[in-house]
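Chemist: A single structure is presented below for examination.
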Amino acid sequence: MPVITNIEDLKRIYKRRVPKMFYDYCESGSWSEQTFRENVTDFDQIYLRQRVAIDMANRSTKTQLIGQDVAMPVALAPVGLTGMQSADGEIKAAKAANKFGVPFCLSTMSICSIEDVASNTDKPFWMQVYTLKDDDFMQRLFDRARDAKCSAAVITVDLQLLGQRHKDLKNGLSAPPKLTPKSIANMMTKVPWGLEMLGTKRRFFGNIVGHAKGVSDPSSLGEWTNKSFDQSLDWDRIRQFRKMWDGPLIIKGIIDPRDALEACNVGADAIVVSNHGGRQLDGALSSIRALEPIMDAVGDKIEVHLDSGIRSGQDVLKAVAMGAKGTWIGRAYVYGLGAMGEAGVTKALEVIHKELDMSMALCGHRDINGVDRDILMVPKGFSGDWG
């Protein structure tokens with residue numbers, strides 16, 4: 001294995017190994033990609049306060065997310081098409097998360113199905129669902145998650161319609177992907193990736209094909225996808241979903257304090273401050289800028305997590321210091337998965353954990369649960385004072 005010291009090392013290997021269509025799917029945002037970029041760069045504006053001559057021995061990054069013990073305040077976020085980044089990718093990522101001691105969240109738009117992941121792992125995982133019109137499909141999706149012993153459901157609320165991602169349109173990346181001579185030629189240059197894909201039976205959307213009405217094969221998937229997302233979604237509809245699932249519920253895609261309060265009112269156990277990785281409303285605030293006003297609005301009424309822009313353990317530390325109970329990583333672990341499969345996901349988690357642990361110590365703390373805003377230097381107006 002090459003020497004991996006940071007997430008960017010994994011990203012470089014990932015870019016070489018995976019077809020351009022799927023690399024671009026991961027590494028892109030909507031429209032001008034302003035929010036996609038600022039999710040990452042806004043973390044750089046927050047500085048850490050170094051302390052010295054403080055006992056740094058016997059440190060712990062262990063905490064809890066929605067009552068579950070975790071090795072560090074990090075979860076693997078739901079990412080669609082993960083099984084096209086590496087063969088059986090969702091299974092590989094779930095296994096790595098299980099062994100490391102952090103939650104894995106499976107996307108509705110995964111290649112491996114709920115049942116696939118459940119049969120190949122020995123610990124509960126979280127299940128993400130979109131807000132679709134079909135009540136029968138939604139109820140069966142929740143039931144399948146319950147049968148698979150999923151320990152939480154995650155409702156994504158910021159995808160009523162799909163933000164335009166220029167690279168995906170140019171690459172023919174859709175559901176299902178539309179292969180072009182150019183994309184096929186590129187795939188043919190990715191020999192190790194291709195050989196792995198030939199060795200698996202899982203190449204389509206396992207949670208949908210054969211489960212949604214009228215979707216018996218990949219060719220019928222596109223029409224179903226276009227018709228199924230509910231643009232009329234409101235909080236009453238989310239209350240209906242809450243009745244379909246009686247376990248822990250997380251609402252993902254909150255970026256405004258008013259919506260955070262609404263999430264409290266529908267009985268969610270946690271929210272994820274997220275702008276969908278900059279893939280929906282371009283020009284929206286980065287998640288880290290949006291965090292503090294949301295924390296001010298909800299206080300201790302609900303557990304708050306942060307997603308979008310986490311690329312290092314220092315990012316995790318900064319988010320926690322600003323009030324987040326946990327963080328979610330998507331691209332950071334996908335880089336590892338595409339680069340090295342399960343071992344790459346493990347390496348991504350190891351890198352983030354080491355950065356988190358060492359930075360926490362140098363800021364004068366031994367326990368992640370005791371970290372607070374005192375370790376930060378935040379620019380005035382960073383989270384508000386807008387005209």
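For the structure tokens, the naming scheme is as follows: chains receive sequential letters (A, B, ...) according to their order of presentation, residues are indexed from 1 within each chain, and ligands are indexed from 1 in presentation order.
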Enumerate as a ChimeraX atom specification all residues of range 299-359 of chain A assigned to alpha helix (DSSP H) by DSSP on the backbone, naming them with the chain letters and numbers the document uses.
Modeler: /A:313-321,331-340,342-359
Chemist: Return as a VMD selection string the full set of residues in range 230-272 of chain A whose backbone-based DSSP assignment is strand (DSSP E).
Modeler: chain A and resid 249 to 254 270 to 272
Chemist: Fewer than 2 positions away in the same chain doesn't count, so skip those; otherwise give me all residues within 12 Å of Thr225 in chain A, counting only C-alpha atoms, as JSON, numbers by chain.
Modeler: {"A": [108, 109, 130, 131, 132, 133, 134, 160, 161, 162, 174, 175, 176, 205, 208, 209, 212, 213, 214, 215, 218, 219, 220, 221, 222, 223, 227, 228, 229, 230]}
Chemist: When you look at range 112-123 of chain A with a cut-off of 7 Å (counting only C-alpha atoms), what residues show up, excluding the ones that are within fewer than 5 positions of it in the same chain? I need them as a tab-separated table (two decimals) with N, CA and C atoms, in the first residue's frame.
Modeler:
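File produced: selection.tsv:
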```
chain	number	residue	atom	x	y	z
A	83	GLY	N	-21.78	1.69	-5.22
A	83	GLY	CA	-21.37	0.41	-5.79
A	83	GLY	C	-20.81	0.52	-7.20
A	88	ASP	N	-19.48	-3.72	-5.37
A	88	ASP	CA	-20.08	-4.00	-4.05
A	88	ASP	C	-19.66	-2.94	-3.03
A	90	GLU	N	-21.05	-0.47	-1.36
A	90	GLU	CA	-21.77	-0.22	-0.11
A	90	GLU	C	-21.44	-1.27	0.94
A	91	ILE	N	-21.28	-2.51	0.50
A	91	ILE	CA	-20.92	-3.58	1.44
A	91	ILE	C	-19.52	-3.34	2.00
A	95	LYS	N	-18.70	-2.58	5.96
A	95	LYS	CA	-17.79	-3.43	6.71
A	95	LYS	C	-16.69	-2.60	7.38
A	98	ASN	N	-18.17	-0.69	10.29
A	98	ASN	CA	-18.45	-1.60	11.41
A	98	ASN	C	-17.20	-1.88	12.21
A	145	ALA	N	-36.15	-1.85	5.91
A	145	ALA	CA	-35.10	-1.36	6.81
A	145	ALA	C	-35.29	-1.94	8.21
A	148	ALA	N	-34.25	-5.50	8.27
A	148	ALA	CA	-32.78	-5.61	8.23
A	148	ALA	C	-32.13	-5.13	9.52
A	202	ARG	N	-23.98	-7.17	-8.77
A	202	ARG	CA	-24.66	-5.95	-8.30
A	202	ARG	C	-24.18	-4.76	-9.12
A	205	PHE	N	-29.64	-0.43	-9.31
A	205	PHE	CA	-30.12	0.15	-8.06
A	205	PHE	C	-30.92	-0.91	-7.28
A	206	GLY	N	-30.24	-1.56	-6.35
A	206	GLY	CA	-30.80	-2.73	-5.68
A	206	GLY	C	-32.01	-2.46	-4.82
A	207	ASN	N	-32.18	-1.22	-4.33
A	207	ASN	CA	-33.34	-0.91	-3.49
A	207	ASN	C	-34.59	-0.58	-4.29
```
Chemist: From the list A:Lys62, A:Lys92, A:Arg49, A:Arg165, which residue is nearest Arg279 in chain A when using only C-alpha atoms?
Modeler: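 The closest residue to Arg279 in chain A is A:Arg165.
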Chemist: List the neighbours of Leu285 in chain A out to 9 Å using only C-alpha atoms; skip same-chain residues closer than 5 positions along the sequence, and give me the result as a PyMOL selection string.
Modeler: chain A and resi 35+38-39+255+275+290
Chemist: Determine, counting only C-alpha atoms, which protein, DNA and RNA residues have an atom within 6 Å of an atom of range 63-76 of chain A; residues of the same chain fewer than 5 positions away are not included. Present the result as a VMD selection string.
Modeler: chain A and resid 101 to 105 326 to 329
